[in-house]
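The structure under discussion appears below in the form of structure tokens.
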Amino acid sequence: MASSTNEITHDFPPFFKVYKDGLDPNTGIQSKDVLISPETSVSVRIFIPKINGPDQKKLPLLVHYHGGGFCAGSPFETVAQNFLTSLVSQANIIVVTVDYRLAPEHPLPIAYDDSWDALQWIAAHSNKQGPEPWLNEYVDFGRVFLAGESAGANIAHDVAVQAGVSLLAGLKIVGALIVHPFFGGKERDEMYKFLCPTSTGCDDDPKLNPAVDPNLSSLACSKVLVNVAEKDWLKDRGVAYYETLGKSGWGGTVELLETKGEDHCFHLFNADNENAKTLLKKLVDFIIGD
């Protein structure tokens with residue numbers, strides 16, 4: 001990989017700087033945005049750690065889906081970038097984060113479809129003939145992880161099920177990081193029903209209630225880490241997901257981690273918090289412990 005010039009093309013303090021080659025000179029992490037579908041305008045941002053010349057070993061890949069209730073959020077936001085670059089730096093991995101289309105302008109299940117399409121696009125690089133050189137050259141397709149927070153955790157789960165059902169070729173999904181996941185409760189979710197006109201918004205929808213999904217046991221990965229926060233209104237749904245996986249016949253291992261005294265996605269908004277650092281370390285250990 002070419003050396004960095006650290007040349008800044010745009011500087012808008014205190015908001016952001018743009019480096020000509022996409023390299024963060026403080027971390028050595030390089031990033032780029034790639035349009036994967038001109039038809040849908042779906043794109044990804046790729047983060048790659050410092051590469052040690054042509055003899056660089058292949059690195060694990062984490063595919064990330066952002067939260068935001070399916071109707072807000074972006075992988076290009078500062079909070080997402082800070083979290084993902086910390087993962088890249090500490091776990092020494094490559095991250096691809098997906099900019100799926102948002103409801104209600106693009107009603108669900110479009111976000112699920114975009115996210116699945118992105119994983120298929122990534123898998124198409126496993127023969128080193130894909131359109132993105134970084135993926136061709138540096139990714140170990142035998143060590144792939146899916147991750148998401150909130151609505152993104154819901155999407156990551158759905159993608160993992162689709163990968164298992166379809167027997168997606170080209171990559172091996174080792175694990176899934178399910179952080180503060182959104183799933184449905186006992187009452188109708190009117191917002192979800194509005195965002196997804198084909199859904200009842202009730203617990204008979206497998207996307208809201210994995211327990212009724214006949215394909216749950218096909219989950220593609222062999223291990224899952226479910227993270228919940230004590231003060232999060234979604235905590236009970238995350239715990240229920242953990243319990244559902246445990247008795248689903250899936251055959252993998254599932255672990256539950258609860259962070260005391262914290263609320264929904266606290267780690268994104270206060271990364272210097274000791275609990276956030278502990279959570280990050282747990283995520284890193286889950287990845288590198290494979």
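By order in the structure tokens, chains are A, B, ...; within a chain, residues start at 1; ligands start at 1, following the order shown.
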
Between region 60-149 of chain A and region 164-168 of chain A, at 10 Å or less, what are the per-residue closest atom pairs and their distances in Å? Count only C-alpha atoms, order by chain and rising residue number, and return it as JSON lines.
{"residue": "A:Leu119", "atom": "CA", "partner": "A:Leu168", "partner_atom": "CA", "distance": 9.3}
{"residue": "A:Gln120", "atom": "CA", "partner": "A:Leu168", "partner_atom": "CA", "distance": 7.7}
{"residue": "A:Ala123", "atom": "CA", "partner": "A:Leu168", "partner_atom": "CA", "distance": 8.0}

Write out as a PDB file with all heavy atoms, in the first residue's frame which residues come within 7 Å of region 125-133 of chain A when counting only C-alpha atoms, dropping same-chain ones fewer than 5 positions away.
ATOM      1  N   PHE A 141     -11.206 -14.794   4.137  1.00  0.00           N
ATOM      2  CA  PHE A 141     -12.628 -15.092   4.007  1.00  0.00           C
ATOM      3  C   PHE A 141     -13.064 -16.310   4.826  1.00  0.00           C
ATOM      4  O   PHE A 141     -14.242 -16.644   4.855  1.00  0.00           O
ATOM      5  CB  PHE A 141     -12.997 -15.265   2.536  1.00  0.00           C
ATOM      6  CG  PHE A 141     -13.003 -13.963   1.786  1.00  0.00           C
ATOM      7  CD1 PHE A 141     -11.875 -13.546   1.088  1.00  0.00           C
ATOM      8  CD2 PHE A 141     -14.113 -13.137   1.811  1.00  0.00           C
ATOM      9  CE1 PHE A 141     -11.870 -12.334   0.412  1.00  0.00           C
ATOM     10  CE2 PHE A 141     -14.119 -11.928   1.142  1.00  0.00           C
ATOM     11  CZ  PHE A 141     -12.993 -11.516   0.439  1.00  0.00           C
ATOM     12  N   GLY A 170     -18.135 -18.844  -0.549  1.00  0.00           N
ATOM     13  CA  GLY A 170     -17.072 -17.854  -0.665  1.00  0.00           C
ATOM     14  C   GLY A 170     -16.543 -17.331   0.647  1.00  0.00           C
ATOM     15  O   GLY A 170     -15.443 -16.785   0.691  1.00  0.00           O
ATOM     16  N   LEU A 171     -17.307 -17.464   1.717  1.00  0.00           N
ATOM     17  CA  LEU A 171     -16.830 -16.997   3.007  1.00  0.00           C
ATOM     18  C   LEU A 171     -17.404 -17.859   4.121  1.00  0.00           C
ATOM     19  O   LEU A 171     -18.420 -18.519   3.963  1.00  0.00           O
ATOM     20  CB  LEU A 171     -17.162 -15.514   3.224  1.00  0.00           C
ATOM     21  CG  LEU A 171     -18.593 -15.019   3.070  1.00  0.00           C
ATOM     22  CD1 LEU A 171     -19.457 -15.385   4.264  1.00  0.00           C
ATOM     23  CD2 LEU A 171     -18.607 -13.501   2.870  1.00  0.00           C
TER      24      LEU A 171
END

Exercise for the section: Could you give me, as a VMD selection string, each residue of region 21-247 of chain A that DSSP assigns to helix (DSSP H, G or I) when run on this structure's backbone? Expected result: chain A and resid 53 to 55 78 to 91 110 to 123 133 to 138 151 to 166 190 to 195 210 to 212 216 to 218 235 to 246

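Restricting the calculation to only C-alpha atoms, the smallest distance between Arg101 (chain A) and any of A:Val42, A:Ile29, A:Ile122, A:Ile178 is found for A:Val42.
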
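Between Ile51 (chain A) and the candidates A:Val174, A:Leu87, A:Val139, A:Ile8, the tightest atom-to-atom separation, counting only C-alpha atoms, involves A:Val139.
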
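With distances restricted to only C-alpha atoms, A:Asn270 is the closest residue to Val79 (chain A) from A:Thr27, A:Asn270, A:Ser150, A:Thr244.
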
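Of the listed residues A:Phe145, A:Tyr65, A:Trp116, A:Phe47, the one whose atoms come nearest to Gln81 (chain A) is A:Phe47, with distances taken using only C-alpha atoms.
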
Practice task
Report the distance between CA of His180 (chain A) and CA of Val224 (chain A) in Å, rounded to one decimal place.
Solution key: 13.0 Å

Please provide as a PDB file with N, CA and C atoms, in the first residue's frame all residues within 10 Å of Lys57 (chain A), with the sequence filter that same-chain residues fewer than 3 positions apart are discarded (counting only C-alpha atoms).
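Result file around_34.pdb:
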ATOM      1  N   ILE A  51      -1.015  -1.632   6.890  1.00  0.00           N
ATOM      2  CA  ILE A  51      -0.577  -2.823   6.158  1.00  0.00           C
ATOM      3  C   ILE A  51       0.943  -2.856   6.088  1.00  0.00           C
ATOM      4  N   ASN A  52       1.496  -4.036   6.425  1.00  0.00           N
ATOM      5  CA  ASN A  52       2.954  -4.176   6.499  1.00  0.00           C
ATOM      6  C   ASN A  52       3.534  -4.734   5.206  1.00  0.00           C
ATOM      7  N   GLY A  53       3.330  -4.015   4.123  1.00  0.00           N
ATOM      8  CA  GLY A  53       3.955  -4.379   2.868  1.00  0.00           C
ATOM      9  C   GLY A  53       3.320  -5.582   2.199  1.00  0.00           C
ATOM     10  N   PRO A  54       3.973  -6.106   1.168  1.00  0.00           N
ATOM     11  CA  PRO A  54       3.413  -7.197   0.356  1.00  0.00           C
ATOM     12  C   PRO A  54       3.296  -8.520   1.089  1.00  0.00           C
ATOM     13  N   PRO A  60      -8.898 -10.984   9.486  1.00  0.00           N
ATOM     14  CA  PRO A  60     -10.340 -11.228   9.643  1.00  0.00           C
ATOM     15  C   PRO A  60     -11.146 -10.031   9.160  1.00  0.00           C
ATOM     16  N   GLU A 137      -7.108  -8.501  -1.684  1.00  0.00           N
ATOM     17  CA  GLU A 137      -5.718  -8.661  -1.251  1.00  0.00           C
ATOM     18  C   GLU A 137      -5.559  -9.001   0.223  1.00  0.00           C
ATOM     19  N   TYR A 138      -6.444  -8.493   1.086  1.00  0.00           N
ATOM     20  CA  TYR A 138      -6.140  -8.525   2.515  1.00  0.00           C
ATOM     21  C   TYR A 138      -7.105  -9.313   3.385  1.00  0.00           C
ATOM     22  N   VAL A 139      -8.248  -9.736   2.876  1.00  0.00           N
ATOM     23  CA  VAL A 139      -9.259 -10.379   3.715  1.00  0.00           C
ATOM     24  C   VAL A 139      -9.060 -11.894   3.782  1.00  0.00           C
ATOM     25  N   ASP A 140      -9.159 -12.429   4.993  1.00  0.00           N
ATOM     26  CA  ASP A 140      -9.230 -13.869   5.213  1.00  0.00           C
ATOM     27  C   ASP A 140     -10.712 -14.235   5.214  1.00  0.00           C
TER      28      ASP A 140
END

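Distances here use only C-alpha atoms; by that measure, the residue among A:Leu146, A:Leu280, A:Val179, A:Ala169 closest to His264 (chain A) is A:Val179.
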
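Proximity to Thr85 (chain A) was assessed for A:Gly69, A:Pro210, A:Pro104, A:Gly28 counting only C-alpha atoms; the smallest distance is recorded for A:Gly28.
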
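The gap separating CA of Leu225 (chain A) from CA of Ala176 (chain A) is 6.4 Å, in Å to one decimal.
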
Practice task
Show which residues sit within 12 Å of Ala276 (chain A), as a ChimeraX atom specification. Count only C-alpha atoms, and ignore same-chain residues fewer than 2 positions away.
Solution key: /A:83,86,227,229,258-274,278-283

Could you write those residues out with C-alpha atoms, as an mmCIF file, in the first residue's frame?
data_model
loop_
_atom_site.group_PDB
_atom_site.id
_atom_site.type_symbol
_atom_site.label_atom_id
_atom_site.label_comp_id
_atom_site.auth_asym_id
_atom_site.auth_seq_id
_atom_site.Cartn_x
_atom_site.Cartn_y
_atom_site.Cartn_z
ATOM 1 C CA PHE A 83 -16.207 2.917 17.370
ATOM 2 C CA SER A 86 -11.202 1.372 17.650
ATOM 3 C CA ASN A 227 -24.766 -7.677 24.620
ATOM 4 C CA ALA A 229 -27.399 -2.876 28.979
ATOM 5 C CA GLU A 258 -24.912 -7.416 30.531
ATOM 6 C CA THR A 259 -23.398 -4.015 31.288
ATOM 7 C CA LYS A 260 -24.640 -2.678 34.619
ATOM 8 C CA GLY A 261 -25.736 0.933 35.025
ATOM 9 C CA GLU A 262 -25.783 1.753 31.314
ATOM 10 C CA ASP A 263 -28.399 2.557 28.685
ATOM 11 C CA HIS A 264 -28.951 1.829 24.998
ATOM 12 C CA CYS A 265 -25.797 2.069 22.840
ATOM 13 C CA PHE A 266 -23.938 3.946 25.565
ATOM 14 C CA HIS A 267 -20.600 2.826 24.144
ATOM 15 C CA LEU A 268 -21.105 4.858 20.958
ATOM 16 C CA PHE A 269 -21.778 8.137 22.699
ATOM 17 C CA ASN A 270 -19.296 7.942 25.558
ATOM 18 C CA ALA A 271 -16.393 5.874 24.330
ATOM 19 C CA ASP A 272 -14.119 7.015 27.191
ATOM 20 C CA ASN A 273 -16.485 5.520 29.760
ATOM 21 C CA GLU A 274 -14.850 2.578 31.572
ATOM 22 C CA THR A 278 -14.749 -3.008 28.891
ATOM 23 C CA LEU A 279 -17.394 -3.722 26.251
ATOM 24 C CA LEU A 280 -14.964 -2.928 23.441
ATOM 25 C CA LYS A 281 -12.396 -5.302 24.943
ATOM 26 C CA LYS A 282 -15.039 -8.041 25.142
ATOM 27 C CA LEU A 283 -15.896 -7.540 21.463
#

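Those residues that approach Ala111 (chain A) to within 10 Å, counting only C-alpha atoms, are Val42, Tyr65, Phe70, Cys71, Val98, Asp99, Tyr100, Arg101, Leu102, Ala103, His106, Pro107, Leu108, Pro109, Asp113, Asp114, Ser115, Trp116, Asp117, Gly152 and Ile155 of chain A; same-chain residues fewer than 2 positions away are not listed.
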
Print the selection's residues with N, CA, C and O atoms to a file, as a short mmCIF file (atom, residue, chain, number, x, y, z; two decimals), in the first residue's frame.
data_model
loop_
_atom_site.label_atom_id
_atom_site.label_comp_id
_atom_site.auth_asym_id
_atom_site.auth_seq_id
_atom_site.Cartn_x
_atom_site.Cartn_y
_atom_site.Cartn_z
N VAL A 42 -26.52 1.87 -2.96
CA VAL A 42 -26.00 1.33 -1.71
C VAL A 42 -24.47 1.33 -1.77
O VAL A 42 -23.88 0.94 -2.78
N TYR A 65 -23.48 -3.46 10.52
CA TYR A 65 -24.74 -2.82 10.17
C TYR A 65 -25.12 -1.84 11.28
O TYR A 65 -25.28 -2.25 12.43
N PHE A 70 -33.97 1.65 11.81
CA PHE A 70 -34.23 1.39 10.38
C PHE A 70 -34.57 2.67 9.60
O PHE A 70 -34.76 2.60 8.38
N CYS A 71 -34.63 3.81 10.28
CA CYS A 71 -35.06 5.04 9.62
C CYS A 71 -34.08 6.19 9.80
O CYS A 71 -34.31 7.30 9.31
N VAL A 98 -22.07 -1.06 6.20
CA VAL A 98 -23.00 -0.97 5.09
C VAL A 98 -23.95 0.21 5.24
O VAL A 98 -24.60 0.37 6.27
N ASP A 99 -24.04 1.00 4.20
CA ASP A 99 -24.96 2.14 4.16
C ASP A 99 -26.24 1.71 3.44
O ASP A 99 -26.50 2.07 2.30
N TYR A 100 -27.07 0.92 4.15
CA TYR A 100 -28.31 0.43 3.56
C TYR A 100 -29.33 1.57 3.48
O TYR A 100 -29.25 2.58 4.20
N ARG A 101 -30.32 1.41 2.62
CA ARG A 101 -31.34 2.44 2.45
C ARG A 101 -32.31 2.44 3.64
O ARG A 101 -32.60 1.39 4.22
N LEU A 102 -32.79 3.63 3.98
CA LEU A 102 -33.59 3.83 5.18
C LEU A 102 -35.07 3.94 4.87
O LEU A 102 -35.48 4.51 3.86
N ALA A 103 -35.88 3.41 5.79
CA ALA A 103 -37.33 3.60 5.76
C ALA A 103 -37.63 4.97 6.43
O ALA A 103 -36.80 5.50 7.16
N HIS A 106 -37.74 4.24 1.92
CA HIS A 106 -37.49 2.93 1.32
C HIS A 106 -38.00 1.89 2.31
O HIS A 106 -37.27 1.43 3.19
N PRO A 107 -39.25 1.49 2.19
CA PRO A 107 -39.89 0.65 3.21
C PRO A 107 -39.14 -0.66 3.42
O PRO A 107 -38.60 -1.25 2.49
N LEU A 108 -39.15 -1.11 4.68
CA LEU A 108 -38.67 -2.45 4.96
C LEU A 108 -39.52 -3.45 4.18
O LEU A 108 -40.70 -3.22 3.97
N PRO A 109 -38.92 -4.53 3.68
CA PRO A 109 -37.62 -5.08 4.05
C PRO A 109 -36.44 -4.62 3.19
O PRO A 109 -35.44 -5.35 3.09
N ASP A 113 -32.73 -6.38 2.54
CA ASP A 113 -32.29 -6.81 1.21
C ASP A 113 -30.94 -6.18 0.85
O ASP A 113 -30.05 -6.86 0.33
N ASP A 114 -30.81 -4.87 1.13
CA ASP A 114 -29.55 -4.18 0.85
C ASP A 114 -28.40 -4.81 1.64
O ASP A 114 -27.28 -4.99 1.12
N SER A 115 -28.67 -5.14 2.89
CA SER A 115 -27.63 -5.70 3.76
C SER A 115 -27.21 -7.09 3.30
O SER A 115 -26.01 -7.43 3.33
N TRP A 116 -28.16 -7.88 2.86
CA TRP A 116 -27.86 -9.20 2.31
C TRP A 116 -27.09 -9.07 1.00
O TRP A 116 -26.11 -9.79 0.77
N ASP A 117 -27.49 -8.14 0.16
CA ASP A 117 -26.79 -7.91 -1.10
C ASP A 117 -25.34 -7.51 -0.84
O ASP A 117 -24.43 -7.92 -1.58
N GLY A 152 -29.43 -2.45 13.75
CA GLY A 152 -28.35 -3.11 13.01
C GLY A 152 -28.06 -4.51 13.52
O GLY A 152 -27.66 -5.38 12.74
N ILE A 155 -30.61 -6.67 11.92
CA ILE A 155 -30.22 -6.94 10.54
C ILE A 155 -29.10 -7.98 10.48
O ILE A 155 -29.12 -8.90 9.65
#

Practice task
Write out as a ChimeraX atom specification which residues come within 7 Å of Ser43 (chain A) when counting only C-alpha atoms, dropping same-chain ones fewer than 6 positions away.
Solution key: /A:33-37,98-99

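Residues of region 50-97 of chain A that DSSP places in strand (DSSP E), based on the backbone of this structure, are Leu59, Pro60, Leu61, Leu62, Val63, His64, Tyr65, Ile94, Val95, Val96 and Thr97 of chain A.
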